[in-house]
file data-v3.pdb (PDB, C-alpha atoms and all ligand atoms)
ATOM      1  CA  MET A   1       5.134 -40.063 112.670
ATOM      2  CA  ALA A   2       4.901 -37.080 110.344
ATOM      3  CA  ARG A   3       5.280 -37.394 106.616
ATOM      4  CA  ILE A   4       7.329 -34.882 104.704
ATOM      5  CA  ILE A   5       8.181 -34.170 101.086
ATOM      6  CA  ARG A   6      11.148 -31.920 100.410
ATOM      7  CA  CYS A   7      10.850 -29.789  97.314
ATOM      8  CA  GLU A   8      13.958 -29.064  95.258
ATOM      9  CA  CYS A   9      13.569 -25.352  96.114
ATOM     10  CA  GLY A  10      13.851 -25.940  99.861
ATOM     11  CA  PHE A  11      10.127 -25.950 100.647
ATOM     12  CA  VAL A  12       9.114 -28.752 103.009
ATOM     13  CA  ALA A  13       5.558 -30.083 102.955
ATOM     14  CA  ARG A  14       4.421 -31.762 106.164
ATOM     15  CA  GLY A  15       1.387 -33.845 106.937
ATOM     16  CA  GLY A  16       0.050 -36.525 109.216
ATOM     17  CA  THR A  17      -1.025 -38.746 106.348
ATOM     18  CA  ASP A  18       0.117 -39.486 102.789
ATOM     19  CA  ASP A  19      -2.927 -37.659 101.405
ATOM     20  CA  GLU A  20      -2.259 -34.596 103.525
ATOM     21  CA  VAL A  21       1.380 -34.195 102.572
ATOM     22  CA  ILE A  22       0.617 -34.846  98.899
ATOM     23  CA  SER A  23      -2.114 -32.243  98.879
ATOM     24  CA  THR A  24       0.260 -29.723 100.500
ATOM     25  CA  ILE A  25       3.077 -30.339  98.016
ATOM     26  CA  ARG A  26       0.612 -30.205  95.119
ATOM     27  CA  GLY A  27      -0.593 -26.794  96.271
ATOM     28  CA  HIS A  28       2.997 -25.597  96.484
ATOM     29  CA  MET A  29       3.943 -26.939  93.046
ATOM     30  CA  LYS A  30       0.856 -25.439  91.470
ATOM     31  CA  THR A  31       1.853 -21.925  92.544
ATOM     32  CA  ASP A  32       5.668 -22.200  92.467
ATOM     33  CA  HIS A  33       6.400 -24.898  89.860
ATOM     34  CA  PRO A  34       3.494 -25.144  87.406
ATOM     35  CA  ALA A  35       5.542 -27.185  84.902
ATOM     36  CA  LEU A  36       6.453 -29.706  87.598
ATOM     37  CA  PHE A  37       2.844 -29.801  88.746
ATOM     38  CA  GLU A  38       1.805 -30.895  85.256
ATOM     39  CA  SER A  39       4.423 -33.622  84.899
ATOM     40  CA  VAL A  40       4.503 -35.217  88.348
ATOM     41  CA  GLY A  41       1.976 -37.943  89.083
ATOM     42  CA  GLN A  42       0.561 -39.503  92.221
ATOM     43  CA  ASP A  43       3.047 -42.412  92.093
ATOM     44  CA  ASP A  44       6.024 -40.033  91.914
ATOM     45  CA  LEU A  45       4.721 -38.104  94.898
ATOM     46  CA  LEU A  46       4.213 -41.274  96.932
ATOM     47  CA  GLY A  47       7.847 -42.173  96.174
ATOM     48  CA  TRP A  48       9.053 -38.821  97.509
ATOM     49  CA  ILE A  49       7.428 -39.160 100.919
ATOM     50  CA  GLN A  50       9.816 -39.456 103.847
ATOM     51  CA  LEU A  51       8.979 -40.233 107.439
ATOM     52  CA  GLU A  52      10.118 -37.750 110.029
TER      53      GLU A  52
HETATM   54 ZN    ZN B   1       9.346 -25.843  95.496
END
call {"tool": "encode", "arguments": {"input": "data-v3.pdb", "output": "structure tokens"}}
result
Amino acid sequence: MARIIRCECGFVARGGTDDEVISTIRGHMKTDHPALFESVGQDDLLGWIQLE
């Protein structure tokens, strides 16, 4: 099953593993939401993961 994290802007990060989807959403936040990137931690990201 794929893992996804939906960003508030509509971007959807997809990955086959938790690490993969977290690294994708981190890359997106770094370029599109630098303030969010600074304030969101690993635990928050793990809580946002949904199974698709
Ligand atoms: Zn976004």
call {"tool": "closest_residue", "arguments": {"input": "data-v3.pdb", "among": "A:Thr24, A:Thr31, A:Gln50, A:Gln42", "to": "Ala2 (chain A)", "atoms": "all atoms listed in the file"}}
result
A:Gln50
call {"tool": "atom_distance", "arguments": {"input": "data-v3.pdb", "atom1": "CA of Ile22 (chain A)", "atom2": "CA of Ile49 (chain A)"}}
result
8.3 Å
call {"tool": "residues_near_ligand", "arguments": {"input": "data-v3.pdb", "ligand": "ligand ZN 1 (chain B)", "cutoff": "9 Å", "atoms": "only C-alpha atoms and all ligand atoms", "output": "PyMOL selection string"}}
result
chain A and resi 6-12+25+28-29+31-33
call {"tool": "residues_near_point", "arguments": {"input": "data-v3.pdb", "point": "(1.2, -36.8, 92.3)", "cutoff": "12 Å", "atoms": "only C-alpha atoms", "output": "list of chain:residue names"}}
result
A:Ile5, A:Asp18, A:Asp19, A:Glu20, A:Val21, A:Ile22, A:Ser23, A:Thr24, A:Ile25, A:Arg26, A:Gly27, A:Met29, A:Lys30, A:Leu36, A:Phe37, A:Glu38, A:Ser39, A:Val40, A:Gly41, A:Gln42, A:Asp43, A:Asp44, A:Leu45, A:Leu46, A:Gly47, A:Trp48, A:Ile49
call {"tool": "residues_around", "arguments": {"input": "data-v3.pdb", "residues": "Arg3 (chain A)", "least_positions_apart": "5", "cutoff": "6 Å", "atoms": "only C-alpha atoms", "output": "ChimeraX atom specification"}}
result
/A:14-16,50-52
